[in-house]
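Below is one structure, written out as structure tokens; the observations come after it.
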Amino acid sequence: MTDIIKIFDTTLRDGEQSPGCSMNLEEKLRVAAQLEALGVDIIEAGFAIASEGDFEAVTEVAKLCKRATVASLARAAAPDIDRAWAAVRHAVAPRIHTFIATSPLHMRVKLGLEPEAVLEKIRATVSHARNLCPDVEWSAEDATRSDPDFLARAIETAIKAGASTINLPDTVGYATPETYGRMFREMIKRVPNSDQAVFSTHCHNDLGLGVANTLAAVMAGARQVESTINGIGERAGNAAVEEIAMALKVRHDVMPFRTNIVSTEITRASRLVSGVTGFQVQPNKAIVGANAFAHESGIHQDGMLKDRETYEIMTPESVGLTESSLVMGKHSGRAAFRQKLGDLGYALSDNEFQDAFKRFKDLADAKKHIYDEDIVALVDDEVLRGHDRLQVVEVEIYCGSNAQRAILTMSIDGEERIAASKGNGPVDALFNAIRQLVPHDRSVLQLYQVHAVTAGTDAQAEVSVVLTEEGRSVRGIGAHVDTLVASARAYVNALNKLELKRGRNALGPLEARG
């Protein structure tokens, strides 16, 4: 067995299945480029048959990646597999990832198939995939609740049919480290041809055990781990790439394995995914949370001043975290701003840079001190949303004890339109104006949340908005020194994502996967 653990990143597929998460093509390409810089071995770019948008995204990611294997998910059906191959065949190293449920509950309720019929489907579909693509991964959906005898037969069948990677996912986050590790040891030992495949993990975090289960499986013989940036994903999310990579790096003494992750790219990847998805990283999140390297306790601070190792088991620099400093201001030039963007993990085109620099100067005129967090919010909100079909141009608000009124100018497909509206407060008036310009009667505002990006009364406000429509859920974010402008941008960002999701689900609700 090798001591190299392959990192299979499914941020663009399973991560995007997070309720409220949606990425457009440009955002997916940015994330894919950063994943390559991070050093992940396999990028699962999406579910090619789900929609034309998903197919295009998988295809373009496959064309973009210079080193990483690019995979597309496919159900155990020939049309799914054909569509996956049509998308990933452009990759330097393509992979088809096909799956079928193996637990008694899923086979009976979801598939309506007898176990022998499931084995035949595995044989037929894995063989079909292998005839198209030299690299095939097979997943046993709901493996942790499957009968061990049947699971062993299914694995043996998949390997005989041509699968070179066998994934045993904890689809519903049910496993514990002991039971998950034992399953891998047992399957590797009892399946006759197990030495012909790499065994892989895929852990959901419903009980908060995703990373612990993943590491237990690694100790039991798994040599590929499936995970996402910031742990995003369905329900409670997935095991987090950054936590797995740093656990293996820091505790190499008890887990003697290596990954190809470039740890100094972790913070950049985390910030990018947070920015494009609108999912803020909780402050106490391991590795990438704002408090991960913060020390407030007097005892801790005293120890840190004497020796950082008293309370830090890794350095902020090891994960690419640079100390926020007050070096940027209205007198800063283009060269300094470009350097700062690079430090923060952004690589902008010339046009994007010029737009960002102008907005930075405008912010510097309105705000005395510019923190790294201000620049991150500015770039994520202003530049990464610059190609949206719906954009906020100007906001005017009239407030008082007797009336609240909003006048809103928006760009819709490049054409400016204006609406004026009243409401029960300025935010309500503003959102009413948006509804006039972009009717969406079926959508419901589920969440409106405001927080300050940095300290101080002149801090930028970052607003989060969640809209739901017929089972779809999207999250929009917006930032500005004016809370109401940030509110308008967040709402419109959510509308753009909702439009993107309306174009998805060409097959209707997809089966649960992995």
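Going through the structure tokens in order, the chains are called A, B, and so on, while each chain numbers its residues from 1 and the ligands are numbered from 1 in the order shown.
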
*Name all residues at most 7 Å from Val393 in chain A (count only C-alpha atoms; drop same-chain ones fewer than 2 positions away) and give them as JSON, numbers by chain.*
{"A": [391, 409, 410, 411]}

*Excluding Gly278 in chain A and residues on its chain fewer than 4 positions from it, collect all residues at most 6 Å away from it, counting only C-alpha atoms, and give them as a ChimeraX atom specification.*
/A:274,476-477

_Set the distance at 6 Å and use only C-alpha atoms: which residues neighbour range 212-226 of chain A once local chain neighbours fewer than 6 positions away are removed? I'd like the list as a list in words._
Ile5, Lys6, Ile7, Phe8, Asp9, Pro177, Gly181, Phe184, Arg185, Phe199, Ser200, Thr201 and His202 of chain A

_Coordinates-based distance that separates CA of Thr264 in chain A from CA of Thr454 in chain A (Å, one decimal)_ =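 Atom-to-atom, CA of Thr454 in chain A to CA of Thr264 in chain A, that is 23.9 Å.
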
*asked:* Ranking A:Asp135, A:Asp343, A:Glu178, A:Glu415 by minimum distance to Val92 in chain A and counting only C-alpha atoms, which one comes first?
replied: A:Asp135

List as an mmCIF file with C-alpha atoms, in the first residue's frame the protein and nucleic acid residues near range 498-500 of chain A, meaning an atom at most 8 Å away when only C-alpha atoms are counted, but skip any in the same chain fewer than 6 places from it.
```cif
data_model
loop_
_atom_site.group_PDB
_atom_site.id
_atom_site.type_symbol
_atom_site.label_atom_id
_atom_site.label_comp_id
_atom_site.auth_asym_id
_atom_site.auth_seq_id
_atom_site.Cartn_x
_atom_site.Cartn_y
_atom_site.Cartn_z
ATOM 1 C CA SER A 22 -25.529 27.689 -6.493
ATOM 2 C CA ASN A 24 -22.514 29.853 -12.211
ATOM 3 C CA LEU A 467 -34.966 32.939 -1.028
ATOM 4 C CA ARG A 472 -35.413 25.409 -4.300
ATOM 5 C CA SER A 473 -33.338 27.446 -1.893
ATOM 6 C CA VAL A 474 -30.683 30.022 -2.746
#
```

*asked:* Using only C-alpha atoms, which protein or nucleic acid residues come within 12 Å of Val453 in chain A? Drop anything in the same chain fewer than 6 positions from it, and give the result as a list in words.
replied: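 What passes the distance filter is Gln280, Ala290, Ile370, Tyr371, Asp372, Glu373, Asp374, Ile375, Val376, Ala377, Leu378, Ala459, Gln460, Ala461, Glu462, Val463, Gly478, Ala479, His480, Val481, Thr483 and Ala486 of chain A.
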
Would you output that residue set with C-alpha atoms, as a PDB file, in the first residue's frame?
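Written file, again19.pdb:
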```pdb
ATOM      1  CA  GLN A 280     -19.895  32.214   5.609  1.00  0.00           C
ATOM      2  CA  ALA A 290     -11.671  33.592  12.013  1.00  0.00           C
ATOM      3  CA  ILE A 370      -9.093  49.204   4.881  1.00  0.00           C
ATOM      4  CA  TYR A 371      -8.683  45.691   6.291  1.00  0.00           C
ATOM      5  CA  ASP A 372      -8.055  42.491   4.378  1.00  0.00           C
ATOM      6  CA  GLU A 373     -11.633  41.487   5.131  1.00  0.00           C
ATOM      7  CA  ASP A 374     -12.851  44.682   3.431  1.00  0.00           C
ATOM      8  CA  ILE A 375     -10.979  43.815   0.251  1.00  0.00           C
ATOM      9  CA  VAL A 376     -12.233  40.227   0.289  1.00  0.00           C
ATOM     10  CA  ALA A 377     -15.830  41.475   0.635  1.00  0.00           C
ATOM     11  CA  LEU A 378     -15.296  44.091  -2.084  1.00  0.00           C
ATOM     12  CA  ALA A 459     -17.469  49.115   8.721  1.00  0.00           C
ATOM     13  CA  GLN A 460     -18.868  47.568   5.590  1.00  0.00           C
ATOM     14  CA  ALA A 461     -22.107  45.692   6.128  1.00  0.00           C
ATOM     15  CA  GLU A 462     -22.400  42.196   4.701  1.00  0.00           C
ATOM     16  CA  VAL A 463     -25.970  41.061   4.165  1.00  0.00           C
ATOM     17  CA  GLY A 478     -23.902  41.678  -0.709  1.00  0.00           C
ATOM     18  CA  ALA A 479     -21.457  44.078   0.912  1.00  0.00           C
ATOM     19  CA  HIS A 480     -21.265  47.864   1.076  1.00  0.00           C
ATOM     20  CA  VAL A 481     -20.633  50.620   3.606  1.00  0.00           C
ATOM     21  CA  THR A 483     -26.407  48.551   4.746  1.00  0.00           C
ATOM     22  CA  ALA A 486     -25.681  45.796   0.618  1.00  0.00           C
TER      23      ALA A 486
END
```

*Can you list, as an MDAnalysis selection string, all residues belonging to range 109-154 of chain A that DSSP tags as strand (DSSP E or B)?*
chainID A and resid 136:141

Residues as selected, N, CA and C atoms, written as a PDB file, in the first residue's frame, can you do that?
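Now in part.pdb:
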```pdb
ATOM      1  N   VAL A 136     -12.576   4.368 -13.952  1.00  0.00           N
ATOM      2  CA  VAL A 136     -13.967   4.289 -13.481  1.00  0.00           C
ATOM      3  C   VAL A 136     -13.982   4.111 -11.971  1.00  0.00           C
ATOM      4  N   GLU A 137     -14.781   4.921 -11.314  1.00  0.00           N
ATOM      5  CA  GLU A 137     -15.022   4.771  -9.878  1.00  0.00           C
ATOM      6  C   GLU A 137     -16.448   4.307  -9.669  1.00  0.00           C
ATOM      7  N   TRP A 138     -16.616   3.373  -8.747  1.00  0.00           N
ATOM      8  CA  TRP A 138     -17.961   2.898  -8.410  1.00  0.00           C
ATOM      9  C   TRP A 138     -18.222   3.143  -6.934  1.00  0.00           C
ATOM     10  N   SER A 139     -19.435   3.638  -6.637  1.00  0.00           N
ATOM     11  CA  SER A 139     -19.836   3.909  -5.254  1.00  0.00           C
ATOM     12  C   SER A 139     -21.030   3.063  -4.860  1.00  0.00           C
ATOM     13  N   ALA A 140     -20.962   2.541  -3.642  1.00  0.00           N
ATOM     14  CA  ALA A 140     -22.076   1.800  -3.041  1.00  0.00           C
ATOM     15  C   ALA A 140     -22.850   2.775  -2.163  1.00  0.00           C
ATOM     16  N   GLU A 141     -23.875   3.378  -2.738  1.00  0.00           N
ATOM     17  CA  GLU A 141     -24.627   4.366  -1.947  1.00  0.00           C
ATOM     18  C   GLU A 141     -25.217   3.711  -0.700  1.00  0.00           C
TER      19      GLU A 141
END
```

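With only C-alpha atoms as the atoms that count, the residue of A:His128, A:Arg435, A:His90, A:Arg271 with the shortest distance to Tyr346 in chain A is A:Arg271.
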
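Take CA of Gly237 in chain A and CA of Val450 in chain A: the distance between them is 23.5 Å.
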
*asked:* At a cut-off of 8 Å, using only C-alpha atoms, what residues contact range 228-234 of chain A? Leave out same-chain residues fewer than 4 positions from it and give the result as a PyMOL selection string.
replied: chain A and resi 9-11+14-19+204+238-242+269-270+273-274+281+288

*Residue nearest Ala33 in chain A - candidates A:Ala50, A:Ala93, A:Leu113, A:Leu64, atoms counted: only C-alpha atoms*: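 Of all the options, A:Leu64 lies closest to Ala33 in chain A.
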
Using DSSP assignments from the backbone, pull out every residue in range 299-510 of chain A that falls under helix (DSSP H, G or I) and give it to me as a compact mmCIF listing (two decimals) with N, CA, C and O atoms, in the first residue's frame.
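Final file, part-v3.txt:
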```txt
# COMPACT_ATOMS: atom_id res chain seq x y z
N ILE A 299 -4.26 33.80 30.01
CA ILE A 299 -3.31 32.70 30.17
C ILE A 299 -2.77 32.28 28.81
O ILE A 299 -1.56 32.06 28.64
N HIS A 300 -3.66 32.18 27.84
CA HIS A 300 -3.23 31.80 26.49
C HIS A 300 -2.31 32.86 25.89
O HIS A 300 -1.29 32.53 25.27
N GLN A 301 -2.67 34.12 26.06
CA GLN A 301 -1.85 35.19 25.49
C GLN A 301 -0.46 35.20 26.11
O GLN A 301 0.54 35.39 25.41
N ASP A 302 -0.37 34.96 27.40
CA ASP A 302 0.93 34.92 28.06
C ASP A 302 1.78 33.79 27.50
O ASP A 302 2.97 33.97 27.21
N GLY A 303 1.16 32.63 27.33
CA GLY A 303 1.90 31.51 26.77
C GLY A 303 2.35 31.78 25.35
O GLY A 303 3.48 31.46 24.96
N MET A 304 1.49 32.41 24.55
CA MET A 304 1.82 32.70 23.15
C MET A 304 2.99 33.67 23.05
O MET A 304 3.84 33.55 22.15
N LEU A 305 3.03 34.65 23.96
CA LEU A 305 4.13 35.61 23.94
C LEU A 305 5.47 34.93 24.25
O LEU A 305 6.52 35.34 23.75
N LYS A 306 5.42 33.90 25.06
CA LYS A 306 6.66 33.19 25.44
C LYS A 306 7.07 32.17 24.36
O LYS A 306 8.24 32.03 24.05
N ARG A 308 4.94 30.32 20.81
CA ARG A 308 3.68 30.09 20.09
C ARG A 308 3.21 28.64 20.21
O ARG A 308 2.00 28.35 20.17
N GLU A 309 4.16 27.72 20.38
CA GLU A 309 3.78 26.31 20.42
C GLU A 309 3.02 25.93 21.69
O GLU A 309 2.48 24.83 21.79
N THR A 310 2.98 26.85 22.66
CA THR A 310 2.23 26.54 23.88
C THR A 310 0.74 26.34 23.58
O THR A 310 0.07 25.55 24.23
N PRO A 316 -0.31 29.95 11.51
CA PRO A 316 -1.24 30.54 10.54
C PRO A 316 -0.66 30.53 9.13
O PRO A 316 -1.38 30.28 8.15
N GLU A 317 0.65 30.76 9.02
CA GLU A 317 1.29 30.80 7.71
C GLU A 317 1.23 29.45 7.00
O GLU A 317 1.22 29.38 5.77
N SER A 318 1.18 28.36 7.77
CA SER A 318 1.17 27.02 7.15
C SER A 318 -0.10 26.75 6.37
O SER A 318 -0.13 25.87 5.50
N VAL A 319 -1.18 27.50 6.66
CA VAL A 319 -2.42 27.34 5.90
C VAL A 319 -2.70 28.56 5.03
O VAL A 319 -3.81 28.76 4.55
N ARG A 334 -1.75 51.19 -7.55
CA ARG A 334 -2.16 49.95 -8.23
C ARG A 334 -1.24 48.78 -7.90
O ARG A 334 -1.71 47.65 -7.72
N ALA A 335 0.05 49.03 -7.84
CA ALA A 335 1.00 47.94 -7.58
C ALA A 335 0.76 47.32 -6.21
O ALA A 335 0.74 46.10 -6.05
N ALA A 336 0.57 48.18 -5.20
CA ALA A 336 0.32 47.69 -3.84
C ALA A 336 -1.00 46.93 -3.78
O ALA A 336 -1.12 45.89 -3.12
N PHE A 337 -2.01 47.45 -4.49
CA PHE A 337 -3.31 46.80 -4.48
C PHE A 337 -3.24 45.45 -5.18
O PHE A 337 -3.82 44.46 -4.71
N ARG A 338 -2.51 45.38 -6.29
CA ARG A 338 -2.36 44.11 -7.00
C ARG A 338 -1.64 43.07 -6.12
O ARG A 338 -2.00 41.90 -6.09
N GLN A 339 -0.61 43.54 -5.39
CA GLN A 339 0.11 42.65 -4.49
C GLN A 339 -0.80 42.13 -3.38
O GLN A 339 -0.77 40.95 -3.02
N LYS A 340 -1.63 43.03 -2.84
CA LYS A 340 -2.56 42.63 -1.79
C LYS A 340 -3.56 41.60 -2.31
O LYS A 340 -3.86 40.60 -1.63
N LEU A 341 -4.07 41.80 -3.52
CA LEU A 341 -5.00 40.83 -4.10
C LEU A 341 -4.34 39.46 -4.24
O LEU A 341 -4.95 38.43 -3.96
N GLY A 342 -3.07 39.48 -4.67
CA GLY A 342 -2.34 38.22 -4.78
C GLY A 342 -2.19 37.53 -3.45
O GLY A 342 -2.35 36.31 -3.33
N ASP A 343 -1.88 38.31 -2.40
CA ASP A 343 -1.74 37.74 -1.06
C ASP A 343 -3.04 37.10 -0.58
O ASP A 343 -3.04 36.13 0.18
N ASP A 350 -7.34 41.95 -16.40
CA ASP A 350 -7.05 43.39 -16.41
C ASP A 350 -8.31 44.21 -16.17
O ASP A 350 -8.30 45.17 -15.39
N ASN A 351 -9.39 43.86 -16.86
CA ASN A 351 -10.64 44.61 -16.69
C ASN A 351 -11.18 44.47 -15.27
O ASN A 351 -11.65 45.44 -14.67
N GLU A 352 -11.12 43.25 -14.73
CA GLU A 352 -11.60 43.03 -13.37
C GLU A 352 -10.74 43.80 -12.37
O GLU A 352 -11.26 44.37 -11.40
N PHE A 353 -9.42 43.82 -12.62
CA PHE A 353 -8.53 44.54 -11.71
C PHE A 353 -8.85 46.03 -11.72
O PHE A 353 -8.91 46.68 -10.66
N GLN A 354 -9.02 46.60 -12.89
CA GLN A 354 -9.31 48.04 -12.98
C GLN A 354 -10.62 48.37 -12.27
O GLN A 354 -10.72 49.38 -11.57
N ASP A 355 -11.63 47.50 -12.45
CA ASP A 355 -12.91 47.71 -11.77
C ASP A 355 -12.74 47.60 -10.26
O ASP A 355 -13.27 48.43 -9.50
N ALA A 356 -11.99 46.60 -9.82
CA ALA A 356 -11.78 46.41 -8.38
C ALA A 356 -11.00 47.58 -7.79
O ALA A 356 -11.29 48.03 -6.67
N PHE A 357 -10.00 48.08 -8.52
CA PHE A 357 -9.20 49.18 -8.00
C PHE A 357 -10.04 50.45 -7.86
O PHE A 357 -9.92 51.18 -6.86
N LYS A 358 -10.90 50.71 -8.83
CA LYS A 358 -11.77 51.89 -8.74
C LYS A 358 -12.70 51.77 -7.53
O LYS A 358 -12.87 52.73 -6.77
N ARG A 359 -13.25 50.59 -7.32
CA ARG A 359 -14.16 50.41 -6.19
C ARG A 359 -13.40 50.46 -4.86
O ARG A 359 -13.93 50.91 -3.85
N PHE A 360 -12.15 49.99 -4.89
CA PHE A 360 -11.31 50.10 -3.69
C PHE A 360 -11.07 51.57 -3.34
O PHE A 360 -11.15 51.96 -2.16
N LYS A 361 -10.80 52.40 -4.33
CA LYS A 361 -10.58 53.83 -4.08
C LYS A 361 -11.85 54.48 -3.54
O LYS A 361 -11.80 55.33 -2.63
N ASP A 362 -13.00 54.09 -4.10
CA ASP A 362 -14.26 54.62 -3.59
C ASP A 362 -14.47 54.22 -2.13
O ASP A 362 -14.92 55.03 -1.31
N LEU A 363 -14.13 52.97 -1.82
CA LEU A 363 -14.27 52.51 -0.44
C LEU A 363 -13.31 53.25 0.48
O LEU A 363 -13.66 53.61 1.60
N ALA A 364 -12.09 53.48 0.01
CA ALA A 364 -11.08 54.17 0.82
C ALA A 364 -11.50 55.61 1.12
O ALA A 364 -11.16 56.15 2.18
N ASP A 365 -12.23 56.23 0.21
CA ASP A 365 -12.74 57.58 0.46
C ASP A 365 -13.83 57.58 1.53
O ASP A 365 -14.01 58.57 2.26
N ALA A 366 -14.56 56.47 1.62
CA ALA A 366 -15.68 56.39 2.57
C ALA A 366 -15.27 55.79 3.90
O ALA A 366 -15.96 55.97 4.90
N ASP A 372 -8.01 43.57 5.37
CA ASP A 372 -8.06 42.49 4.38
C ASP A 372 -9.50 42.03 4.16
O ASP A 372 -9.91 41.75 3.03
N GLU A 373 -10.25 41.94 5.25
CA GLU A 373 -11.63 41.49 5.13
C GLU A 373 -12.47 42.42 4.25
O GLU A 373 -13.38 41.98 3.55
N ASP A 374 -12.15 43.72 4.29
CA ASP A 374 -12.85 44.68 3.43
C ASP A 374 -12.59 44.39 1.96
O ASP A 374 -13.50 44.46 1.12
N ILE A 375 -11.34 44.07 1.65
CA ILE A 375 -10.98 43.81 0.25
C ILE A 375 -11.60 42.51 -0.22
O ILE A 375 -12.09 42.41 -1.35
N VAL A 376 -11.59 41.49 0.64
CA VAL A 376 -12.23 40.23 0.29
C VAL A 376 -13.72 40.45 -0.02
O VAL A 376 -14.24 39.97 -1.03
N ALA A 377 -14.41 41.20 0.84
CA ALA A 377 -15.83 41.47 0.63
C ALA A 377 -16.04 42.28 -0.64
O ALA A 377 -16.98 42.02 -1.41
N LEU A 378 -15.17 43.24 -0.90
CA LEU A 378 -15.30 44.09 -2.08
C LEU A 378 -15.15 43.26 -3.35
O LEU A 378 -15.96 43.35 -4.28
N VAL A 379 -14.11 42.44 -3.42
CA VAL A 379 -13.86 41.66 -4.63
C VAL A 379 -14.96 40.62 -4.83
O VAL A 379 -15.48 40.46 -5.94
N ASP A 380 -15.33 39.92 -3.76
CA ASP A 380 -16.37 38.90 -3.89
C ASP A 380 -17.69 39.51 -4.35
O ASP A 380 -18.38 38.95 -5.20
N ASP A 381 -18.03 40.66 -3.80
CA ASP A 381 -19.32 41.24 -4.10
C ASP A 381 -19.32 42.00 -5.42
O ASP A 381 -20.25 41.90 -6.21
N GLU A 382 -18.27 42.78 -5.68
CA GLU A 382 -18.26 43.66 -6.84
C GLU A 382 -17.78 42.97 -8.10
O GLU A 382 -18.38 43.09 -9.16
N VAL A 383 -16.68 42.25 -7.99
CA VAL A 383 -16.04 41.72 -9.20
C VAL A 383 -16.61 40.37 -9.60
O VAL A 383 -16.96 40.14 -10.76
N PRO A 426 -37.50 50.77 5.47
CA PRO A 426 -36.70 50.97 4.26
C PRO A 426 -36.32 49.67 3.54
O PRO A 426 -36.28 49.66 2.31
N VAL A 427 -36.05 48.62 4.30
CA VAL A 427 -35.68 47.35 3.65
C VAL A 427 -36.87 46.80 2.89
O VAL A 427 -36.75 46.34 1.74
N ASP A 428 -38.05 46.83 3.49
CA ASP A 428 -39.26 46.35 2.83
C ASP A 428 -39.55 47.16 1.58
O ASP A 428 -39.90 46.61 0.53
N ALA A 429 -39.37 48.48 1.67
CA ALA A 429 -39.59 49.35 0.50
C ALA A 429 -38.61 48.99 -0.61
O ALA A 429 -38.98 48.94 -1.79
N LEU A 430 -37.37 48.76 -0.25
CA LEU A 430 -36.35 48.42 -1.23
C LEU A 430 -36.66 47.09 -1.91
O LEU A 430 -36.58 46.97 -3.15
N PHE A 431 -37.03 46.08 -1.14
CA PHE A 431 -37.32 44.78 -1.72
C PHE A 431 -38.60 44.82 -2.57
O PHE A 431 -38.72 44.09 -3.56
N ASN A 432 -39.55 45.67 -2.19
CA ASN A 432 -40.74 45.86 -3.02
C ASN A 432 -40.37 46.44 -4.38
O ASN A 432 -40.95 46.07 -5.42
N ALA A 433 -39.41 47.36 -4.39
CA ALA A 433 -38.95 47.93 -5.67
C ALA A 433 -38.29 46.87 -6.54
O ALA A 433 -38.48 46.85 -7.76
N ILE A 434 -37.53 45.98 -5.91
CA ILE A 434 -36.91 44.89 -6.68
C ILE A 434 -37.98 44.01 -7.29
O ILE A 434 -37.90 43.60 -8.46
N ARG A 435 -39.05 43.72 -6.52
CA ARG A 435 -40.12 42.87 -7.03
C ARG A 435 -40.85 43.53 -8.20
O ARG A 435 -41.34 42.83 -9.10
N GLN A 436 -40.92 44.85 -8.20
CA GLN A 436 -41.53 45.54 -9.33
C GLN A 436 -40.71 45.33 -10.60
O GLN A 436 -41.26 45.08 -11.68
N LEU A 437 -39.41 45.44 -10.47
CA LEU A 437 -38.54 45.32 -11.64
C LEU A 437 -38.34 43.87 -12.08
O LEU A 437 -38.17 43.60 -13.27
N THR A 483 -25.73 49.83 4.51
CA THR A 483 -26.41 48.55 4.75
C THR A 483 -27.52 48.30 3.73
O THR A 483 -27.75 47.16 3.31
N LEU A 484 -28.21 49.35 3.31
CA LEU A 484 -29.33 49.17 2.39
C LEU A 484 -28.84 48.84 0.98
O LEU A 484 -29.46 48.05 0.27
N VAL A 485 -27.74 49.42 0.57
CA VAL A 485 -27.14 49.05 -0.72
C VAL A 485 -26.71 47.59 -0.67
O VAL A 485 -26.94 46.82 -1.61
N ALA A 486 -26.08 47.19 0.45
CA ALA A 486 -25.68 45.80 0.62
C ALA A 486 -26.90 44.88 0.58
O ALA A 486 -26.86 43.78 0.01
N SER A 487 -28.02 45.33 1.15
CA SER A 487 -29.24 44.54 1.15
C SER A 487 -29.77 44.33 -0.26
O SER A 487 -30.16 43.21 -0.64
N ALA A 488 -29.77 45.40 -1.05
CA ALA A 488 -30.23 45.29 -2.43
C ALA A 488 -29.35 44.33 -3.21
O ALA A 488 -29.83 43.48 -3.99
N ARG A 489 -28.05 44.42 -3.03
CA ARG A 489 -27.13 43.55 -3.76
C ARG A 489 -27.30 42.09 -3.36
O ARG A 489 -27.23 41.19 -4.20
N ALA A 490 -27.52 41.85 -2.07
CA ALA A 490 -27.71 40.48 -1.60
C ALA A 490 -28.98 39.87 -2.20
O ALA A 490 -28.98 38.72 -2.66
N TYR A 491 -30.06 40.65 -2.20
CA TYR A 491 -31.33 40.15 -2.73
C TYR A 491 -31.21 39.86 -4.22
O TYR A 491 -31.67 38.81 -4.71
N VAL A 492 -30.58 40.77 -4.95
CA VAL A 492 -30.44 40.58 -6.40
C VAL A 492 -29.48 39.43 -6.70
O VAL A 492 -29.68 38.67 -7.65
N ASN A 493 -28.45 39.26 -5.88
CA ASN A 493 -27.55 38.12 -6.03
C ASN A 493 -28.33 36.81 -5.87
O ASN A 493 -28.12 35.85 -6.63
N ALA A 494 -29.25 36.78 -4.90
CA ALA A 494 -30.08 35.59 -4.70
C ALA A 494 -30.98 35.35 -5.91
O ALA A 494 -31.17 34.20 -6.33
N LEU A 495 -31.52 36.41 -6.49
CA LEU A 495 -32.37 36.25 -7.68
C LEU A 495 -31.58 35.68 -8.86
O LEU A 495 -32.09 34.84 -9.61
N ASN A 496 -30.35 36.13 -9.03
CA ASN A 496 -29.51 35.57 -10.10
C ASN A 496 -29.29 34.08 -9.89
O ASN A 496 -29.32 33.29 -10.83
N LYS A 497 -29.04 33.69 -8.65
CA LYS A 497 -28.82 32.27 -8.35
C LYS A 497 -30.10 31.46 -8.52
O LYS A 497 -30.07 30.31 -8.97
N LEU A 498 -31.24 32.08 -8.16
CA LEU A 498 -32.51 31.39 -8.31
C LEU A 498 -32.79 31.12 -9.78
O LEU A 498 -33.27 30.04 -10.16
N GLU A 499 -32.46 32.09 -10.61
CA GLU A 499 -32.63 31.91 -12.05
C GLU A 499 -31.77 30.76 -12.56
O GLU A 499 -32.19 29.96 -13.40
N LEU A 500 -30.56 30.66 -12.01
CA LEU A 500 -29.66 29.58 -12.38
C LEU A 500 -30.24 28.23 -11.98
O LEU A 500 -30.22 27.26 -12.74
N LYS A 501 -30.81 28.16 -10.78
CA LYS A 501 -31.38 26.90 -10.30
C LYS A 501 -32.64 26.53 -11.07
O LYS A 501 -32.94 25.34 -11.25
N ARG A 502 -33.39 27.51 -11.53
CA ARG A 502 -34.59 27.18 -12.32
C ARG A 502 -34.21 26.43 -13.59
O ARG A 502 -34.97 25.61 -14.08
```

*Skip Thr157 in chain A itself and residues of its chain fewer than 6 positions away, then list as a ChimeraX atom specification all residues within 8 Å of it, counting only C-alpha atoms.*
/A:119,122-123

Selection from above, all heavy atoms, as an mmCIF file, in the first residue's frame, can you write it?
```
data_model
loop_
_atom_site.group_PDB
_atom_site.id
_atom_site.type_symbol
_atom_site.label_atom_id
_atom_site.label_comp_id
_atom_site.auth_asym_id
_atom_site.auth_seq_id
_atom_site.Cartn_x
_atom_site.Cartn_y
_atom_site.Cartn_z
ATOM 1 N N LEU A 119 -26.946 -6.344 -8.530
ATOM 2 C CA LEU A 119 -25.629 -6.848 -8.944
ATOM 3 C C LEU A 119 -25.496 -6.841 -10.463
ATOM 4 O O LEU A 119 -24.439 -6.504 -11.011
ATOM 5 C CB LEU A 119 -25.416 -8.259 -8.404
ATOM 6 C CG LEU A 119 -25.235 -8.394 -6.889
ATOM 7 C CD1 LEU A 119 -25.109 -9.867 -6.504
ATOM 8 C CD2 LEU A 119 -24.022 -7.617 -6.401
ATOM 9 N N ILE A 122 -24.859 -3.327 -11.606
ATOM 10 C CA ILE A 122 -23.467 -2.949 -11.344
ATOM 11 C C ILE A 122 -22.571 -3.503 -12.454
ATOM 12 O O ILE A 122 -21.750 -2.769 -13.025
ATOM 13 C CB ILE A 122 -23.010 -3.478 -9.968
ATOM 14 C CG1 ILE A 122 -23.781 -2.783 -8.844
ATOM 15 C CG2 ILE A 122 -21.498 -3.259 -9.788
ATOM 16 C CD1 ILE A 122 -23.573 -3.415 -7.471
ATOM 17 N N ARG A 123 -22.751 -4.778 -12.764
ATOM 18 C CA ARG A 123 -21.920 -5.399 -13.795
ATOM 19 C C ARG A 123 -22.080 -4.685 -15.139
ATOM 20 O O ARG A 123 -21.095 -4.329 -15.801
ATOM 21 C CB ARG A 123 -22.300 -6.878 -13.950
ATOM 22 C CG ARG A 123 -21.386 -7.644 -14.908
ATOM 23 C CD ARG A 123 -22.047 -8.900 -15.441
ATOM 24 N NE ARG A 123 -23.237 -8.591 -16.228
ATOM 25 C CZ ARG A 123 -23.191 -8.108 -17.475
ATOM 26 N NH1 ARG A 123 -22.018 -7.858 -18.059
ATOM 27 N NH2 ARG A 123 -24.304 -7.866 -18.126
#
```

*Go ahead and compute the interatomic distance for CA of Val211 in chain A and CA of Met183 in chain A, in Å to one decimal.*
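For CA of Val211 in chain A relative to CA of Met183 in chain A, the distance reads 16.2 Å.
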
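Checking A:Arg268, A:Arg75, A:Arg108, A:Lys63 one by one against Ala347 in chain A, counting only C-alpha atoms, you find the shortest gap at A:Arg268.
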
*Of the listed residues A:Ile4, A:Ala101, A:Ala124, A:Ala84, that which approaches Thr259 in chain A most closely, counting only C-alpha atoms*: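 With only C-alpha atoms as the atom set, the closest residue is A:Ile4.
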